[in-house]
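Structure below is protein-v1.txt: compact mmCIF, C-alpha atoms.
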```txt
# COMPACT_ATOMS: atom_id res chain seq x y z
CA MET A 1 -41.39 -7.95 22.13
CA ILE A 2 -39.91 -8.72 25.56
CA ASN A 3 -41.70 -8.37 28.91
CA CYS A 4 -40.00 -6.83 31.94
CA LEU A 5 -40.37 -9.44 34.70
CA ILE A 6 -40.60 -6.69 37.33
CA CYS A 7 -43.36 -4.46 35.95
CA ASN A 8 -44.54 -6.52 32.97
CA LYS A 9 -43.89 -3.65 30.55
CA ASN A 10 -43.23 -4.58 26.90
CA VAL A 11 -39.98 -3.48 25.24
CA LYS A 12 -38.78 -4.11 21.67
CA ASN A 13 -35.51 -5.94 22.31
CA ILE A 14 -32.72 -6.80 24.74
CA GLN A 15 -31.16 -3.36 24.36
CA GLY A 16 -34.48 -1.78 25.25
CA LEU A 17 -34.85 -4.06 28.27
CA ASN A 18 -31.31 -3.14 29.36
CA ARG A 19 -32.25 0.55 29.34
CA HIS A 20 -35.64 -0.05 30.96
CA VAL A 21 -34.48 -2.01 34.02
CA ARG A 22 -32.37 0.95 35.09
CA SER A 23 -35.65 2.74 35.88
CA HIS A 24 -36.01 0.16 38.67
CA ASP A 25 -32.67 1.31 40.15
CA ILE A 26 -30.88 -1.93 39.32
CA THR A 27 -28.30 -2.89 36.71
CA PHE A 28 -29.08 -5.34 33.92
CA HIS A 29 -26.69 -7.84 35.52
CA GLU A 30 -28.59 -7.59 38.84
CA TYR A 31 -31.87 -8.04 36.91
CA LYS A 32 -30.58 -11.27 35.34
CA GLU A 33 -29.36 -12.50 38.73
CA MET A 34 -32.75 -11.73 40.28
CA PHE A 35 -34.60 -13.94 37.80
CA ASN A 36 -31.89 -16.58 37.29
CA LEU A 37 -31.23 -15.53 33.69
CA LEU A 38 -27.42 -15.74 33.81
CA SER A 39 -25.51 -18.31 31.73
CA PHE A 40 -21.83 -19.17 31.99
CA CYS A 41 -19.26 -20.88 29.79
CA GLU A 42 -18.94 -24.51 30.92
CA VAL A 43 -15.14 -24.30 30.53
CA CYS A 44 -13.93 -20.91 31.80
CA LYS A 45 -17.12 -19.82 33.61
CA LYS A 46 -17.23 -16.52 31.71
CA GLU A 47 -20.71 -15.01 31.35
CA ILE A 48 -22.30 -15.80 27.97
CA ASN A 49 -25.62 -15.17 26.21
CA ARG A 50 -28.30 -17.38 27.75
CA TYR A 51 -29.37 -18.46 24.25
CA ASN A 52 -25.87 -19.70 23.37
CA LYS A 53 -26.41 -23.28 22.09
CA THR A 54 -22.79 -24.38 22.49
CA LYS A 55 -22.69 -23.43 26.20
CA ARG A 56 -19.20 -22.07 25.59
CA CYS A 57 -17.75 -18.59 25.04
CA ASN A 58 -16.03 -17.61 21.78
CA SER A 59 -12.60 -18.35 23.26
CA CYS A 60 -13.50 -21.88 24.37
CA ARG A 61 -15.87 -23.15 21.69
CA ASP A 62 -14.66 -25.45 18.92
CA ARG A 63 -14.76 -23.69 15.55
CA THR A 64 -13.35 -26.51 13.43
CA GLY A 65 -15.15 -28.73 10.90
CA PRO A 66 -18.96 -28.84 11.18
CA ASN A 67 -18.80 -26.46 14.17
CA ASN A 68 -17.67 -23.69 11.84
CA SER A 69 -20.62 -21.81 10.33
CA PHE A 70 -18.77 -21.64 6.98
CA PHE A 71 -17.96 -25.37 6.88
CA ASN A 72 -18.49 -26.83 3.38
CA LYS A 73 -19.78 -23.51 2.05
CA HIS A 74 -18.21 -21.94 -1.06
CA HIS A 75 -18.69 -18.77 -3.05
CA SER A 76 -20.09 -19.23 -6.52
CA ASN A 77 -17.89 -18.27 -9.48
CA LYS A 78 -20.15 -15.27 -10.10
CA THR A 79 -19.71 -14.07 -6.50
CA LYS A 80 -15.94 -14.53 -6.71
CA LYS A 81 -15.83 -12.48 -9.92
CA ASP A 82 -18.04 -9.73 -8.44
CA LEU A 83 -15.88 -9.53 -5.31
CA SER A 84 -12.72 -9.38 -7.40
CA VAL A 85 -14.06 -6.49 -9.50
CA LYS A 86 -15.31 -4.54 -6.46
CA CYS A 87 -12.02 -5.00 -4.58
CA SER A 88 -10.04 -3.92 -7.65
CA ILE A 89 -12.13 -0.76 -8.10
CA GLY A 90 -12.00 0.03 -4.37
CA SER A 91 -8.24 -0.44 -4.19
CA LYS A 92 -7.59 1.81 -7.19
CA GLU A 93 -9.84 4.55 -5.76
CA LYS A 94 -8.13 4.37 -2.36
CA TRP A 95 -4.68 4.49 -3.93
CA LYS A 96 -5.52 7.88 -5.46
CA ASP A 97 -5.70 9.30 -1.93
CA GLU A 98 -2.24 10.63 -0.97
CA LYS A 99 -2.87 10.13 2.76
CA TYR A 100 -3.83 6.48 2.19
CA ARG A 101 -0.76 5.88 0.01
CA SER A 102 1.52 7.43 2.63
CA LYS A 103 0.01 5.26 5.34
CA VAL A 104 0.43 2.06 3.30
CA ILE A 105 4.02 2.93 2.36
CA LYS A 106 4.82 3.76 5.98
CA GLU A 107 3.45 0.40 7.16
CA MET A 108 5.44 -1.39 4.43
CA HIS A 109 8.65 0.20 5.68
CA LYS A 110 8.28 -0.86 9.31
CA PRO A 111 11.53 -2.49 10.47
CA ARG A 112 11.50 -6.29 10.63
CA GLY A 113 13.38 -8.36 13.19
CA GLU A 114 16.58 -10.07 12.07
CA GLU A 115 15.07 -13.50 12.77
CA PHE A 116 12.09 -12.78 10.51
CA LYS A 117 14.27 -11.34 7.71
CA THR A 118 16.63 -14.33 7.79
CA GLY A 119 13.75 -16.83 7.81
CA GLN A 120 11.89 -15.00 5.04
CA SER A 121 15.02 -14.89 2.88
CA GLU A 122 15.65 -18.62 3.36
CA ARG A 123 12.03 -19.53 2.59
CA THR A 124 12.01 -17.40 -0.56
CA SER A 125 15.32 -18.78 -1.82
CA ARG A 126 14.18 -22.33 -1.16
CA TRP A 127 10.91 -21.80 -2.99
CA TRP A 128 12.61 -20.42 -6.11
CA LYS A 129 15.06 -23.35 -6.13
CA GLU A 130 12.19 -25.82 -5.88
CA HIS A 131 10.26 -24.05 -8.67
CA PRO A 132 12.85 -22.96 -11.28
CA GLU A 133 10.22 -22.85 -14.02
CA GLN A 134 8.31 -20.09 -12.23
CA LYS A 135 10.81 -17.32 -13.02
CA GLU A 136 10.50 -17.81 -16.77
CA SER A 137 6.73 -18.36 -16.80
CA ARG A 138 6.08 -15.29 -14.65
CA SER A 139 8.35 -13.18 -16.84
CA ILE A 140 6.42 -14.30 -19.95
CA ARG A 141 3.04 -13.55 -18.35
CA MET A 142 4.17 -10.13 -17.14
CA LYS A 143 5.55 -9.10 -20.56
CA LYS A 144 2.37 -10.33 -22.22
CA SER A 145 0.21 -8.33 -19.80
CA TRP A 146 2.21 -5.17 -20.51
CA ASP A 147 1.99 -5.70 -24.28
CA GLU A 148 -1.77 -6.26 -24.12
CA GLY A 149 -2.28 -3.17 -21.97
CA LEU A 150 -3.65 -5.17 -19.04
CA ILE A 151 -1.33 -3.43 -16.58
CA VAL A 152 -2.30 0.16 -15.97
CA LYS A 153 0.62 2.58 -15.87
CA ASN A 154 0.92 4.10 -12.42
CA GLY A 155 1.90 7.59 -11.35
CA TYR A 156 3.18 6.77 -7.91
CA SER A 157 6.52 5.76 -6.44
CA CYS A 158 7.62 4.85 -2.92
CA ASN A 159 11.09 6.27 -3.56
CA VAL A 160 10.29 9.97 -3.28
CA SER A 161 11.94 12.21 -0.69
CA ASN A 162 10.11 15.06 1.02
CA LEU A 163 12.17 17.60 -0.93
CA GLU A 164 11.29 15.90 -4.20
CA LYS A 165 7.60 15.96 -3.22
CA LYS A 166 7.94 19.70 -2.68
CA PHE A 167 9.62 20.07 -6.08
CA LEU A 168 6.85 18.11 -7.84
CA LYS A 169 4.20 20.16 -6.08
CA GLU A 170 5.85 23.39 -7.25
CA LEU A 171 5.99 22.11 -10.84
CA LYS A 172 2.26 21.40 -10.80
CA THR A 173 1.59 25.05 -10.06
CA ILE A 174 3.31 26.18 -13.27
CA ASN A 175 2.21 23.37 -15.58
CA THR A 176 -0.75 21.07 -14.95
CA SER A 177 0.38 18.81 -17.81
CA PHE A 178 3.29 17.51 -15.75
CA GLU A 179 2.72 13.97 -14.51
CA LYS A 180 4.50 10.90 -13.20
CA CYS A 181 3.97 7.88 -15.41
CA THR A 182 5.78 5.05 -17.12
CA ILE A 183 6.92 5.16 -20.74
CA LYS A 184 7.92 2.23 -22.93
CA ILE A 185 11.17 2.22 -24.90
CA ASN A 186 12.11 -0.88 -26.94
CA LYS A 187 9.89 -3.21 -24.89
CA LYS A 188 11.33 -1.86 -21.63
CA TRP A 189 9.47 0.38 -19.19
CA TYR A 190 10.96 3.53 -17.64
CA PHE A 191 9.62 5.77 -14.88
CA PRO A 192 10.83 9.40 -15.34
CA ASP A 193 10.38 11.71 -12.37
CA VAL A 194 8.27 14.22 -14.33
CA ILE A 195 7.00 14.10 -17.90
CA ASP A 196 5.02 16.39 -20.17
CA LYS A 197 4.06 14.33 -23.20
CA ASN A 198 2.58 17.31 -25.04
CA ARG A 199 5.87 19.24 -24.95
CA LYS A 200 7.99 16.05 -25.16
CA LEU A 201 9.75 17.17 -21.99
CA ILE A 202 11.18 15.09 -19.14
CA ILE A 203 12.53 16.51 -15.87
CA GLU A 204 14.70 14.23 -13.76
CA TYR A 205 15.17 15.14 -10.08
CA PHE A 206 18.55 13.68 -9.04
CA GLY A 207 19.19 13.10 -5.34
CA ASP A 208 22.75 14.08 -4.41
CA PHE A 209 23.52 10.77 -2.70
CA TYR A 210 21.88 8.21 -4.97
CA HIS A 211 23.06 9.89 -8.18
CA CYS A 212 26.38 11.08 -6.69
CA ASN A 213 26.27 14.81 -7.41
CA PRO A 214 29.59 15.65 -9.18
CA THR A 215 29.90 18.84 -7.10
CA VAL A 216 29.80 16.73 -3.93
CA TYR A 217 31.34 13.33 -4.75
CA PRO A 218 34.55 12.47 -6.67
CA LYS A 219 34.35 9.99 -9.55
CA ASP A 220 36.02 7.18 -7.54
CA TYR A 221 33.57 7.50 -4.62
CA PHE A 222 31.93 4.11 -3.89
CA ASN A 223 28.23 4.43 -3.10
CA PRO A 224 27.50 1.79 -0.41
CA LYS A 225 23.78 1.77 -1.16
CA ILE A 226 24.01 1.42 -4.95
CA LYS A 227 27.26 -0.60 -4.66
CA LYS A 228 28.81 1.26 -7.58
CA THR A 229 31.32 4.06 -7.99
CA ALA A 230 30.17 7.58 -8.80
CA LYS A 231 31.60 7.23 -12.31
CA GLU A 232 29.56 4.05 -12.92
CA ILE A 233 26.40 5.74 -11.65
CA TRP A 234 26.98 8.73 -13.94
CA GLU A 235 27.36 6.37 -16.89
CA ILE A 236 24.07 4.63 -16.07
CA ASP A 237 22.28 7.99 -15.78
CA LYS A 238 23.82 9.15 -19.06
CA ASN A 239 22.57 6.05 -20.90
CA ARG A 240 19.10 6.51 -19.41
CA ILE A 241 18.94 10.16 -20.53
CA GLU A 242 20.11 9.23 -24.04
CA LYS A 243 17.28 6.70 -24.31
CA PHE A 244 14.76 9.46 -23.58
CA GLN A 245 16.44 11.80 -26.06
CA ASN A 246 16.47 9.11 -28.77
CA ILE A 247 12.67 8.99 -28.76
CA GLY A 248 12.39 12.78 -29.08
CA TYR A 249 12.28 14.01 -25.46
CA ASN A 250 14.19 17.01 -24.12
CA VAL A 251 15.62 16.17 -20.70
CA ILE A 252 16.29 18.61 -17.86
CA ILE A 253 18.31 17.50 -14.82
CA ILE A 254 17.61 19.17 -11.47
CA TRP A 255 20.02 18.35 -8.65
CA GLU A 256 18.76 18.11 -5.09
CA LYS A 257 21.49 20.48 -3.83
CA ASP A 258 20.54 23.18 -6.36
CA PHE A 259 16.82 23.04 -5.57
CA LYS A 260 17.46 22.93 -1.84
CA GLU A 261 19.59 26.08 -1.98
CA ASN A 262 17.58 28.04 -4.58
CA PRO A 263 14.07 26.59 -5.05
CA THR A 264 12.57 29.81 -6.43
CA ILE A 265 15.35 30.28 -9.01
CA ILE A 266 15.07 26.67 -10.20
CA ILE A 267 11.29 26.87 -10.61
CA ASN A 268 11.55 30.21 -12.46
CA GLN A 269 14.18 28.76 -14.82
CA ILE A 270 11.83 25.89 -15.67
CA LYS A 271 8.95 28.33 -16.09
CA THR A 272 11.07 30.33 -18.58
CA LEU A 273 11.77 27.18 -20.62
CA LEU A 274 8.05 26.46 -20.88
CA VAL A 275 7.23 29.85 -22.44
```
Write-out of the structure in structure tokens:
Amino acid sequence: MINCLICNKNVKNIQGLNRHVRSHDITFHEYKEMFNLLSFCEVCKKEINRYNKTKRCNSCRDRTGPNNSFFNKHHSNKTKKDLSVKCSIGSKEKWKDEKYRSKVIKEMHKPRGEEFKTGQSERTSRWWKEHPEQKESRSIRMKKSWDEGLIVKNGYSCNVSNLEKKFLKELKTINTSFEKCTIKINKKWYFPDVIDKNRKLIIEYFGDFYHCNPTVYPKDYFNPKIKKTAKEIWEIDKNRIEKFQNIGYNVIIIWEKDFKENPTIIINQIKTLLV
């Protein structure tokens, strides 16, 4: 309990005293001035809590070594493990939220300054040169984790256009079995756009630019983003489709241009195939 020095009334805490002194038509600052209760930082003279033992504000006080409240304190192995499990569960739950995913992806794609990008590239290249063994060891650990099922297949991708999102949403309305997930073929993982494992059906949504739609681009067109000609891109896509077909999947290709011009017709055609 704290006594008001004006009327001697008891209040529970500082917040209560702050509210109470206003009944005397003065501010809390004026109250502290009246009874010489003000304390100031010995460096910058900023007002601080009168019970502050360091006599300095947060900006001026030394937080290093023994002055840091966490100095020489460590989490136990049990606490570390508990925190790791909780963070993992929390992260996975958050990632299921489409709004959260969109926000994270948007933040990841914020433009970086040229100076930062150049410096980051140089630091990364230097690190890999100084640790050549890391590439092989990380590759081994990653493959082992996949084989042991320690890495959970994900159903999300950053590389999805707004039109593709619309297409995927429409597909969900006609078949709830459609999903986005990875599949393993000869120790290599693939990420089809849409898959229905029950029907052994894969639907690939091809963007006109990245896959060089044959009705838009000639075979000798050089894609500046992929750094390959249209013919080379078509060959890569063909090999990918054949891999899916070799393990028993039927593959349907939907071009961005076709869906953009006739979304209803495309969806109805797919619906007919599912009957």
Worksheet item: Using only C-alpha atoms, which of the listed residues (A:Lys219, A:Lys94, A:Arg56, A:Lys172) sits closest to Cys41 (chain A)?
Response: A:Arg56
Item to complete: Tell me which protein, DNA and RNA residues are within 8 Å of Phe259 (chain A), counting all atoms listed in the file, leaving out same-chain ones fewer than 5 positions away, and put them as number ranges by chain.
Response: A: 167, 254, 266
Worksheet item: Which neighbours of Ser39 (chain A) fall inside 7 Å, counting only C-alpha atoms, when residues of the same chain fewer than 4 positions from it are skipped, and could you give them as a ChimeraX atom specification?
Response: /A:47-50
Practice prompt. For region 267-271 of chain A, work out the shell of residues within 8 Å, counting only C-alpha atoms and skipping chain neighbours fewer than 5 positions away, then give it as a list in words.
Written response: Glu170, Leu171 and Ile174 of chain A
Worksheet item: Between CA of Tyr51 (chain A) and CA of Ile14 (chain A), what is the distance, to one decimal in Å?
Response: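 CA of Ile14 (chain A) lies 12.1 Å from CA of Tyr51 (chain A).
Near Lys260 (chain A), within 12 Å and counting all atoms listed in the file, sit Asn162, Leu163, Glu164, Lys166, Phe167, Tyr205, Phe206, Gly207, Asp208, Ile254, Trp255, Glu256, Thr264, Ile265, Ile266 and Ile267 of chain A; same-chain residues fewer than 4 positions away were not included.
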Worksheet item: In Å, how far is it from CA of Cys87 (chain A) to CA of Lys143 (chain A)?
Response: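 Result for CA of Cys87 (chain A) versus CA of Lys143 (chain A): 24.1 Å, one decimal.
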Discussion item. List the spatial neighbours of Ile195 (chain A) as a list in words - criterion: any atom at most 12 Å away, only C-alpha atoms, same-chain residues fewer than 5 positions off excluded.
Written reply: Gly155, Leu168, Leu171, Lys172, Asn175, Thr176, Ser177, Phe178, Glu179, Lys180, Cys181, Thr182, Ile183, Tyr190, Lys200, Leu201, Ile202, Ile203, Glu204, Tyr205, Phe244, Tyr249, Asn250, Val251 and Ile252 of chain A
Worksheet item: From the set A:Asp25, A:Ser91, A:Thr118, A:Asn13, which residue has the shortest atom-to-atom contact distance to Val104 (chain A), counting all atoms listed in the file?
Response: A:Ser91
Worksheet item: In Å, how far is it from CA of Asn58 (chain A) to CA of Phe35 (chain A)?
Response: 24.8 Å
Worksheet item: Between A:Pro224, A:Ile6, A:Ile236, A:Glu114, which has the minimum distance to His24 (chain A) (counting all atoms listed in the file)?
Response: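 Closest to His24 (chain A) of all the choices is A:Ile6.
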Worksheet item: Counting all atoms listed in the file, which residues come within 12 Å of (-31.3, -7.7, 38.7), with the point read in the file's coordinates, and could you list them as a VMD selection string?
Response: chain A and resid 4 to 6 17 to 18 20 to 38
